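Text of final_18.pdb (PDB, C-alpha atoms) as supplied:
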ATOM      1  CA  MET A   1      10.597 -11.139 -10.806
ATOM      2  CA  SER A   2       7.051 -12.076 -11.761
ATOM      3  CA  PHE A   3       7.037 -14.651  -8.949
ATOM      4  CA  PHE A   4       8.114 -11.943  -6.516
ATOM      5  CA  CYS A   5       5.179  -9.738  -7.549
ATOM      6  CA  LEU A   6       2.868 -12.739  -7.273
ATOM      7  CA  LEU A   7       4.076 -14.136  -3.947
ATOM      8  CA  TRP A   8       5.482 -11.208  -1.967
ATOM      9  CA  ILE A   9       2.194  -9.876  -0.556
ATOM     10  CA  PRO A  10       0.743 -13.253   0.567
ATOM     11  CA  LEU A  11       4.076 -14.331   2.087
ATOM     12  CA  PHE A  12       4.474 -11.021   3.906
ATOM     13  CA  TYR A  13       0.867 -11.251   5.113
ATOM     14  CA  LEU A  14       1.522 -14.706   6.584
ATOM     15  CA  LEU A  15       4.756 -13.517   8.212
ATOM     16  CA  ARG A  16       3.080 -10.481   9.733
ATOM     17  CA  ARG A  17       0.065 -12.511  10.851
ATOM     18  CA  SER A  18       2.326 -15.023  12.593
ATOM     19  CA  LEU A  19       4.258 -12.267  14.400
ATOM     20  CA  ILE A  20       1.534  -9.732  15.155
ATOM     21  CA  GLY A  21      -1.817 -11.351  14.428
ATOM     22  CA  GLY A  22      -4.961  -9.247  14.081
ATOM     23  CA  GLY A  23      -7.948  -9.167  11.789
ATOM     24  CA  ASN A  24     -10.837 -11.582  11.499
ATOM     25  CA  SER A  25     -12.178 -14.054   8.943
ATOM     26  CA  GLY A  26     -15.116 -11.863   7.927
ATOM     27  CA  GLY A  27     -12.842  -8.940   7.156
ATOM     28  CA  GLY A  28     -10.487 -11.239   5.283
ATOM     29  CA  VAL A  29     -13.258 -12.617   3.083
ATOM     30  CA  TRP A  30     -14.446  -9.111   2.226
ATOM     31  CA  ALA A  31     -10.896  -7.977   1.478
ATOM     32  CA  LEU A  32     -10.186 -10.857  -0.900
ATOM     33  CA  LEU A  33     -13.559 -10.493  -2.618
ATOM     34  CA  LEU A  34     -13.390  -6.724  -3.095
ATOM     35  CA  GLY A  35      -9.714  -6.869  -4.008
ATOM     36  CA  SER A  36     -10.473  -9.450  -6.706
ATOM     37  CA  ILE A  37     -13.265  -7.309  -8.137
ATOM     38  CA  THR A  38     -11.032  -4.238  -8.129
ATOM     39  CA  ALA A  39      -8.160  -6.109  -9.770
ATOM     40  CA  ILE A  40     -10.412  -7.425 -12.565
ATOM     41  CA  ILE A  41     -11.874  -3.964 -13.204
ATOM     42  CA  GLN A  42      -8.403  -2.401 -13.341
ATOM     43  CA  PHE A  43      -7.180  -5.187 -15.613
ATOM     44  CA  PHE A  44      -9.871  -4.508 -18.213
ATOM     45  CA  LEU A  45     -10.056  -0.713 -17.878
ATOM     46  CA  GLY A  46      -6.307  -0.153 -18.005
ATOM     47  CA  ASN A  47      -4.543   2.937 -16.682
ATOM     48  CA  LEU A  48      -6.321   6.136 -15.696
ATOM     49  CA  VAL A  49      -3.230   8.285 -16.291
ATOM     50  CA  TYR A  50      -1.034   7.991 -19.379
ATOM     51  CA  PRO A  51       2.443   9.252 -18.469
ATOM     52  CA  GLU A  52       4.790  11.064 -20.778
ATOM     53  CA  GLY A  53       8.502  11.166 -20.016
ATOM     54  CA  PHE A  54       9.779  11.837 -16.512
ATOM     55  CA  GLY A  55       7.607  14.775 -15.437
ATOM     56  CA  PHE A  56       4.531  15.282 -13.303
ATOM     57  CA  SER A  57       2.385  12.925 -15.388
ATOM     58  CA  ARG A  58       4.829  10.115 -14.561
ATOM     59  CA  TRP A  59       4.577  10.906 -10.837
ATOM     60  CA  LEU A  60       0.782  11.106 -11.071
ATOM     61  CA  PHE A  61       0.753   7.767 -12.880
ATOM     62  CA  GLY A  62       2.732   6.277 -10.011
ATOM     63  CA  PHE A  63       0.370   7.748  -7.432
ATOM     64  CA  ILE A  64      -2.944   6.833  -9.090
ATOM     65  CA  ASP A  65      -2.308   3.743 -11.202
ATOM     66  CA  LEU A  66       0.588   1.977  -9.519
ATOM     67  CA  VAL A  67       1.402   2.655  -5.909
ATOM     68  CA  SER A  68      -0.562   4.887  -3.571
ATOM     69  CA  LEU A  69      -4.199   4.656  -4.618
ATOM     70  CA  ALA A  70      -3.978   0.846  -4.684
ATOM     71  CA  VAL A  71      -3.466   0.948  -0.904
ATOM     72  CA  ILE A  72      -5.546   4.005  -0.005
ATOM     73  CA  ILE A  73      -8.723   2.464  -1.455
ATOM     74  CA  PRO A  74      -8.750  -0.717   0.705
ATOM     75  CA  LEU A  75      -7.865   1.291   3.810
ATOM     76  CA  LEU A  76     -10.784   3.642   3.141
ATOM     77  CA  ILE A  77     -13.111   0.707   2.495
ATOM     78  CA  CYS A  78     -11.991  -0.929   5.734
ATOM     79  CA  PHE A  79     -12.654   2.303   7.632
ATOM     80  CA  LEU A  80     -16.123   2.659   6.087
ATOM     81  CA  MET A  81     -17.004  -0.959   6.849
ATOM     82  CA  LEU A  82     -15.907  -0.500  10.453
ATOM     83  CA  PHE A  83     -17.846   2.765  10.691
ATOM     84  CA  PHE A  84     -21.034   1.177   9.349
ATOM     85  CA  ARG A  85     -20.384  -2.033  11.312
ATOM     86  CA  GLY A  86     -19.864  -4.191   8.255
ATOM     87  CA  PHE A  87     -17.620  -6.502  10.325
ATOM     88  CA  SER A  88     -18.832  -8.691  13.144
ATOM     89  CA  GLY A  89     -15.920  -7.483  15.274
ATOM     90  CA  GLY A  90     -12.829  -5.345  14.955
ATOM     91  CA  ALA A  91     -10.567  -5.461  11.949
ATOM     92  CA  ASP A  92      -6.860  -4.957  11.331
ATOM     93  CA  PHE A  93      -6.343  -2.258   8.690
ATOM     94  CA  ALA A  94      -3.013  -3.646   7.525
ATOM     95  CA  ASN A  95      -4.244  -7.233   7.217
ATOM     96  CA  PHE A  96      -7.319  -6.042   5.327
ATOM     97  CA  ALA A  97      -5.208  -4.021   2.870
ATOM     98  CA  LEU A  98      -2.670  -6.825   2.390
ATOM     99  CA  LEU A  99      -5.396  -9.372   1.684
ATOM    100  CA  TRP A 100      -7.020  -6.932  -0.747
ATOM    101  CA  LEU A 101      -3.676  -6.593  -2.562
ATOM    102  CA  ILE A 102      -3.148 -10.348  -3.060
ATOM    103  CA  PRO A 103      -5.421 -10.634  -6.136
ATOM    104  CA  VAL A 104      -4.253  -7.196  -7.299
ATOM    105  CA  GLY A 105      -0.641  -8.379  -7.196
ATOM    106  CA  ALA A 106      -1.516 -11.601  -8.989
ATOM    107  CA  LEU A 107      -3.156  -9.852 -11.941
ATOM    108  CA  ARG A 108      -0.438  -7.193 -12.024
ATOM    109  CA  ALA A 109       2.204  -9.928 -12.174
ATOM    110  CA  LEU A 110       0.348 -11.386 -15.151
ATOM    111  CA  SER A 111       0.094  -8.082 -17.007
ATOM    112  CA  TRP A 112       3.576  -6.803 -16.107
ATOM    113  CA  SER A 113       5.542 -10.031 -16.670
ATOM    114  CA  PRO A 114       6.163  -9.383 -20.412
ATOM    115  CA  LEU A 115       7.845  -6.069 -19.490
ATOM    116  CA  ASN A 116      10.241  -7.788 -17.055
ATOM    117  CA  ASP A 117      10.699  -4.451 -15.277
ATOM    118  CA  PRO A 118      12.081  -4.660 -11.711
ATOM    119  CA  ILE A 119      10.517  -1.293 -10.853
ATOM    120  CA  LEU A 120       7.058  -2.715 -11.497
ATOM    121  CA  LEU A 121       7.575  -6.306 -10.404
ATOM    122  CA  ILE A 122       9.693  -5.701  -7.285
ATOM    123  CA  LEU A 123       9.573  -2.052  -6.201
ATOM    124  CA  VAL A 124       5.811  -1.558  -6.500
ATOM    125  CA  PRO A 125       4.860  -4.584  -4.313
ATOM    126  CA  LEU A 126       7.403  -3.417  -1.726
ATOM    127  CA  LEU A 127       5.839   0.049  -1.705
ATOM    128  CA  TRP A 128       2.355  -1.478  -1.369
ATOM    129  CA  THR A 129       3.554  -3.312   1.725
ATOM    130  CA  ALA A 130       5.193  -0.245   3.243
ATOM    131  CA  LEU A 131       2.059   1.844   2.727
ATOM    132  CA  ALA A 132      -0.406  -0.776   3.966
ATOM    133  CA  VAL A 133       1.467  -1.394   7.204
ATOM    134  CA  GLY A 134       2.816   2.146   7.659
ATOM    135  CA  ILE A 135      -0.495   3.952   7.302
ATOM    136  CA  SER A 136      -2.175   1.348   9.520
ATOM    137  CA  PHE A 137       0.509   1.914  12.144
ATOM    138  CA  PHE A 138      -0.254   5.635  12.280
ATOM    139  CA  ILE A 139      -4.010   4.987  12.385
ATOM    140  CA  ASN A 140      -3.530   2.697  15.396
ATOM    141  CA  TRP A 141      -1.113   5.147  17.031
ATOM    142  CA  MET A 142      -3.685   7.913  16.705
ATOM    143  CA  THR A 143      -6.637   5.861  18.000
ATOM    144  CA  GLU A 144      -4.817   4.089  20.845
ATOM    145  CA  SER A 145      -3.087   7.176  22.278
ATOM    146  CA  PHE A 146      -5.475   9.930  21.328
ATOM    147  CA  ARG A 147      -4.005  13.327  22.129
ATOM    148  CA  TRP A 148      -4.232  16.356  19.877
ATOM    149  CA  TYR A 149      -0.506  16.499  19.116
ATOM    150  CA  ILE A 150      -0.347  12.752  18.426
ATOM    151  CA  ALA A 151      -3.384  13.039  16.152
ATOM    152  CA  ILE A 152      -1.784  15.911  14.197
ATOM    153  CA  ALA A 153       1.527  14.056  13.834
ATOM    154  CA  ALA A 154      -0.202  10.823  12.784
ATOM    155  CA  ILE A 155      -2.405  12.570  10.218
ATOM    156  CA  LEU A 156       0.602  14.359   8.728
ATOM    157  CA  CYS A 157       2.473  11.065   8.435
ATOM    158  CA  ILE A 158      -0.576   9.376   6.867
ATOM    159  CA  LEU A 159      -0.724  12.164   4.277
ATOM    160  CA  ILE A 160       3.024  12.156   3.595
ATOM    161  CA  LEU A 161       3.518   8.404   3.136
ATOM    162  CA  PRO A 162       1.526   8.003  -0.129
ATOM    163  CA  PHE A 163       3.343  10.980  -1.656
ATOM    164  CA  ALA A 164       6.712   9.588  -0.563
ATOM    165  CA  ALA A 165       5.876   6.196  -2.076
ATOM    166  CA  ALA A 166       4.816   7.693  -5.412
ATOM    167  CA  THR A 167       7.951   9.850  -5.444
ATOM    168  CA  THR A 168      10.043   6.746  -4.775
ATOM    169  CA  TYR A 169       8.640   5.143  -7.913
ATOM    170  CA  TRP A 170       9.223   8.355  -9.876
ATOM    171  CA  ALA A 171      12.824   8.644  -8.643
ATOM    172  CA  PHE A 172      13.745   5.096  -9.655
ATOM    173  CA  PHE A 173      12.011   5.478 -13.016
ATOM    174  CA  SER A 174      13.864   8.760 -13.585
ATOM    175  CA  HIS A 175      17.196   7.036 -12.779
ATOM    176  CA  GLN A 176      17.672   9.105  -9.621
ATOM    177  CA  THR A 177      18.741   6.004  -7.746
ATOM    178  CA  LEU A 178      20.167   7.658  -4.621
ATOM    179  CA  LEU A 179      17.003   9.692  -4.076
ATOM    180  CA  GLY A 180      14.948   6.576  -4.729
ATOM    181  CA  PHE A 181      16.771   4.537  -2.080
ATOM    182  CA  VAL A 182      16.544   7.359   0.466
ATOM    183  CA  LEU A 183      12.799   7.688  -0.077
ATOM    184  CA  LEU A 184      12.373   3.910  -0.012
ATOM    185  CA  ILE A 185      14.069   3.743   3.397
ATOM    186  CA  VAL A 186      11.914   6.621   4.681
ATOM    187  CA  THR A 187       8.770   4.885   3.409
ATOM    188  CA  PHE A 188       9.741   1.642   5.182
ATOM    189  CA  ILE A 189      10.542   3.223   8.561
ATOM    190  CA  PRO A 190       6.934   3.030   9.894
ATOM    191  CA  LEU A 191       6.723  -0.630   8.838
ATOM    192  CA  ALA A 192       9.941  -1.420  10.702
ATOM    193  CA  VAL A 193       8.768   0.464  13.787
ATOM    194  CA  SER A 194       5.439  -1.387  13.716
ATOM    195  CA  PHE A 195       7.269  -4.725  13.832
ATOM    196  CA  VAL A 196       9.468  -3.577  16.700
ATOM    197  CA  LEU A 197       6.446  -2.377  18.672
ATOM    198  CA  ARG A 198       4.311  -5.332  17.489
ATOM    199  CA  ARG A 199       1.448  -3.179  16.325
ATOM    200  CA  GLY A 200       0.159  -1.432  13.154
TER     201      GLY A 200
END

If you took the structure in this file and wrote it as structure tokens, what would it be?
Amino acid sequence: MSFFCLLWIPLFYLLRRSLIGGGNSGGGVWALLLGSITAIIQFFLGNLVYPEGFGFSRWLFGFIDLVSLAVIIPLLICFLMLFFRGFSGGADFANFALLWLIPVGALRALSWSPLNDPILLILVPLLWTALAVGISFFINWMTESFRWYIAIAAILCILILPFAAATTYWAFFSHQTLLGFVLLIVTFIPLAVSFVLRRG
């Protein structure tokens, strides 16, 4: 399971890059560098939320320390770098986030391996992937076909996905397996659609 956490993101990145392409070397270098710095800081600082039991603190822990914020941060950084022209050309949001998550996944695999927990070592990397590609898909949908109703729908989906991913983690941790699988499928739908349409 530790190898899955270590290798899933880079292997998925290579698969997606071979099928869809996108991104540029400058953006990739920045993503790996900033992702490495973030991973090291998180490794030494530890968790920001300390969960107790199966309640809201557990869900918040999943959102902030495990699943959603890990993907939201690189997507925001990518947006800011594009806005301030930090890249020489365009950049692929999903590729940037996936590259950012490679060092994060490596250090997480190191710190989580003694726990041997499939929720951490398998589910969390899967949710990272679904969020990185899914949110990027809705960003591209909104910018490529800009109409007010498309923008509203895309923004709603972008807001819902991180909450769905964190709730997926919470459901599996709380042994609500059926709810967890349903939410996992919902979270992966945008990723699947992006592959079918070859964008996102």

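Between atom CA of A:Ile152 and atom CA of A:Ala132 the interatomic distance comes to 19.6 Å.
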
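For the pair atom CA of A:Val186 and atom CA of A:Leu19, the separation is 22.6 Å.
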
Using the chain letters and numbers from the file, give me the residues hit by the PyMOL selection byres ((chain A and resi 171) around 10), as a VMD selection string.
chain A and resid 54 59 165 to 170 172 to 184

Take every atom of stretch 105-109 of chain A listed in the file, fit an axis-aligned box around them, add 8 Å per side, and give the centre and edge lengths in Å to one decimal as JSON.
{"center_x": -0.5, "center_y": -9.4, "center_z": -9.7, "size_x": 21.4, "size_y": 20.4, "size_z": 21.0}

If the PyMOL selection byres ((chain A and resi 65-79) around 7) were run on this exact file, what residues would it hold? Put them as an mmCIF file with C-alpha atoms, in the frame of the given file.
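Written out: part_22.cif:
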data_model
loop_
_atom_site.group_PDB
_atom_site.id
_atom_site.type_symbol
_atom_site.label_atom_id
_atom_site.label_comp_id
_atom_site.auth_asym_id
_atom_site.auth_seq_id
_atom_site.Cartn_x
_atom_site.Cartn_y
_atom_site.Cartn_z
ATOM 1 C CA ASN A 47 -4.543 2.937 -16.682
ATOM 2 C CA LEU A 48 -6.321 6.136 -15.696
ATOM 3 C CA VAL A 49 -3.230 8.285 -16.291
ATOM 4 C CA PHE A 61 0.753 7.767 -12.880
ATOM 5 C CA GLY A 62 2.732 6.277 -10.011
ATOM 6 C CA PHE A 63 0.370 7.748 -7.432
ATOM 7 C CA ILE A 64 -2.944 6.833 -9.090
ATOM 8 C CA LEU A 80 -16.123 2.659 6.087
ATOM 9 C CA MET A 81 -17.004 -0.959 6.849
ATOM 10 C CA LEU A 82 -15.907 -0.500 10.453
ATOM 11 C CA PHE A 83 -17.846 2.765 10.691
ATOM 12 C CA PHE A 93 -6.343 -2.258 8.690
ATOM 13 C CA PHE A 96 -7.319 -6.042 5.327
ATOM 14 C CA ALA A 97 -5.208 -4.021 2.870
ATOM 15 C CA TRP A 100 -7.020 -6.932 -0.747
ATOM 16 C CA VAL A 124 5.811 -1.558 -6.500
ATOM 17 C CA LEU A 127 5.839 0.049 -1.705
ATOM 18 C CA TRP A 128 2.355 -1.478 -1.369
ATOM 19 C CA LEU A 131 2.059 1.844 2.727
ATOM 20 C CA ALA A 132 -0.406 -0.776 3.966
ATOM 21 C CA PRO A 162 1.526 8.003 -0.129
ATOM 22 C CA ALA A 165 5.876 6.196 -2.076
ATOM 23 C CA ALA A 166 4.816 7.693 -5.412
#

I'd like the contact shell of A:Leu191 - 12 Å cut-off, all atoms listed in the file, skipping same-chain residues fewer than 5 positions apart - returned as JSON, numbers by chain.
{"A": [12, 16, 94, 126, 127, 128, 129, 130, 131, 132, 133, 134, 135, 136, 137, 138, 161, 184, 185, 186, 196, 197, 198, 199, 200]}

Quote the spacing between atom CA of A:Ser113 and atom CA of A:Gly28 in Å to one decimal place.
27.2 Å

Selection near A:Ala106, 8 Å with all atoms listed in the file, sequence-local residues under 2 positions removed, as a ChimeraX atom specification:
/A:5-7,102-104,108-110

Can you list what the PyMOL selection byres ((chain A and resi 40) around 12) grabs from this structure, as a tab-separated table (two decimals) with C-alpha atoms, in the coordinates of the input?
chain	number	residue	atom	x	y	z
A	33	LEU	CA	-13.56	-10.49	-2.62
A	34	LEU	CA	-13.39	-6.72	-3.10
A	35	GLY	CA	-9.71	-6.87	-4.01
A	36	SER	CA	-10.47	-9.45	-6.71
A	37	ILE	CA	-13.26	-7.31	-8.14
A	38	THR	CA	-11.03	-4.24	-8.13
A	39	ALA	CA	-8.16	-6.11	-9.77
A	41	ILE	CA	-11.87	-3.96	-13.20
A	42	GLN	CA	-8.40	-2.40	-13.34
A	43	PHE	CA	-7.18	-5.19	-15.61
A	44	PHE	CA	-9.87	-4.51	-18.21
A	45	LEU	CA	-10.06	-0.71	-17.88
A	46	GLY	CA	-6.31	-0.15	-18.00
A	103	PRO	CA	-5.42	-10.63	-6.14
A	104	VAL	CA	-4.25	-7.20	-7.30
A	105	GLY	CA	-0.64	-8.38	-7.20
A	106	ALA	CA	-1.52	-11.60	-8.99
A	107	LEU	CA	-3.16	-9.85	-11.94
A	108	ARG	CA	-0.44	-7.19	-12.02
A	110	LEU	CA	0.35	-11.39	-15.15
A	111	SER	CA	0.09	-8.08	-17.01

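Considering only C-alpha atoms, the residue among A:Tyr50, A:Trp112, A:Phe4, A:Trp141 positioned nearest to A:Ile155 is A:Trp141.
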
Selected residue of minimal separation from A:Asp92 among A:Ser57, A:Ser194, A:Asn116, A:Asn140, counting all atoms listed in the file:
A:Asn140

With all heavy atoms retained, output stretch 125-136 of chain A as a compact mmCIF listing (two decimals), in the first residue's frame.
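Just written: out25.txt:
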# COMPACT_ATOMS: atom_id res chain seq x y z
N PRO A 125 -4.71 9.17 -1.98
CA PRO A 125 -4.14 9.48 -3.30
C PRO A 125 -5.17 9.44 -4.43
O PRO A 125 -5.09 10.24 -5.38
CB PRO A 125 -3.07 8.40 -3.49
CG PRO A 125 -2.69 7.99 -2.11
CD PRO A 125 -3.95 8.09 -1.32
N LEU A 126 -6.13 8.52 -4.35
CA LEU A 126 -7.19 8.48 -5.36
C LEU A 126 -8.03 9.75 -5.32
O LEU A 126 -8.38 10.31 -6.37
CB LEU A 126 -8.09 7.26 -5.13
CG LEU A 126 -7.49 5.89 -5.45
CD1 LEU A 126 -8.45 4.78 -5.06
CD2 LEU A 126 -7.12 5.77 -6.92
N LEU A 127 -8.34 10.23 -4.13
CA LEU A 127 -9.13 11.46 -4.01
C LEU A 127 -8.33 12.67 -4.48
O LEU A 127 -8.90 13.58 -5.10
CB LEU A 127 -9.58 11.64 -2.55
CG LEU A 127 -10.62 10.64 -2.05
CD1 LEU A 127 -10.85 10.81 -0.56
CD2 LEU A 127 -11.93 10.78 -2.82
N TRP A 128 -7.02 12.69 -4.21
CA TRP A 128 -6.18 13.77 -4.76
C TRP A 128 -6.31 13.83 -6.27
O TRP A 128 -6.46 14.89 -6.86
CB TRP A 128 -4.72 13.54 -4.39
CG TRP A 128 -4.36 13.78 -2.97
CD1 TRP A 128 -5.07 14.49 -2.04
CD2 TRP A 128 -3.17 13.34 -2.32
NE1 TRP A 128 -4.39 14.49 -0.86
CE2 TRP A 128 -3.22 13.82 -0.99
CE3 TRP A 128 -2.06 12.60 -2.72
CZ2 TRP A 128 -2.22 13.56 -0.06
CZ3 TRP A 128 -1.05 12.35 -1.81
CH2 TRP A 128 -1.13 12.82 -0.49
N THR A 129 -6.22 12.66 -6.89
CA THR A 129 -6.29 12.59 -8.36
C THR A 129 -7.63 13.08 -8.87
O THR A 129 -7.70 13.87 -9.82
CB THR A 129 -6.06 11.14 -8.82
OG1 THR A 129 -4.86 10.64 -8.25
CG2 THR A 129 -5.99 11.05 -10.33
N ALA A 130 -8.70 12.61 -8.24
CA ALA A 130 -10.05 13.01 -8.67
C ALA A 130 -10.25 14.51 -8.55
O ALA A 130 -10.84 15.14 -9.44
CB ALA A 130 -11.10 12.25 -7.84
N LEU A 131 -9.76 15.10 -7.47
CA LEU A 131 -9.90 16.54 -7.28
C LEU A 131 -9.05 17.33 -8.26
O LEU A 131 -9.52 18.31 -8.86
CB LEU A 131 -9.52 16.92 -5.85
CG LEU A 131 -10.53 16.63 -4.75
CD1 LEU A 131 -9.98 17.08 -3.40
CD2 LEU A 131 -11.85 17.30 -5.04
N ALA A 132 -7.80 16.93 -8.43
CA ALA A 132 -6.89 17.67 -9.32
C ALA A 132 -7.43 17.72 -10.74
O ALA A 132 -7.46 18.78 -11.38
CB ALA A 132 -5.50 17.04 -9.29
N VAL A 133 -7.88 16.59 -11.24
CA VAL A 133 -8.37 16.54 -12.62
C VAL A 133 -9.79 17.07 -12.71
O VAL A 133 -10.15 17.78 -13.66
CB VAL A 133 -8.29 15.10 -13.17
CG1 VAL A 133 -8.83 15.03 -14.59
CG2 VAL A 133 -6.85 14.60 -13.13
N GLY A 134 -10.63 16.75 -11.71
CA GLY A 134 -12.03 17.18 -11.76
C GLY A 134 -12.19 18.68 -11.68
O GLY A 134 -12.92 19.28 -12.48
N ILE A 135 -11.52 19.31 -10.73
CA ILE A 135 -11.61 20.77 -10.61
C ILE A 135 -11.03 21.44 -11.86
O ILE A 135 -11.60 22.41 -12.37
CB ILE A 135 -10.90 21.25 -9.34
CG1 ILE A 135 -11.67 20.77 -8.09
CG2 ILE A 135 -10.81 22.78 -9.32
CD1 ILE A 135 -10.98 21.10 -6.78
N SER A 136 -9.93 20.91 -12.37
CA SER A 136 -9.33 21.46 -13.58
C SER A 136 -10.28 21.35 -14.77
O SER A 136 -10.35 22.25 -15.61
CB SER A 136 -8.01 20.75 -13.89
OG SER A 136 -7.11 20.88 -12.83
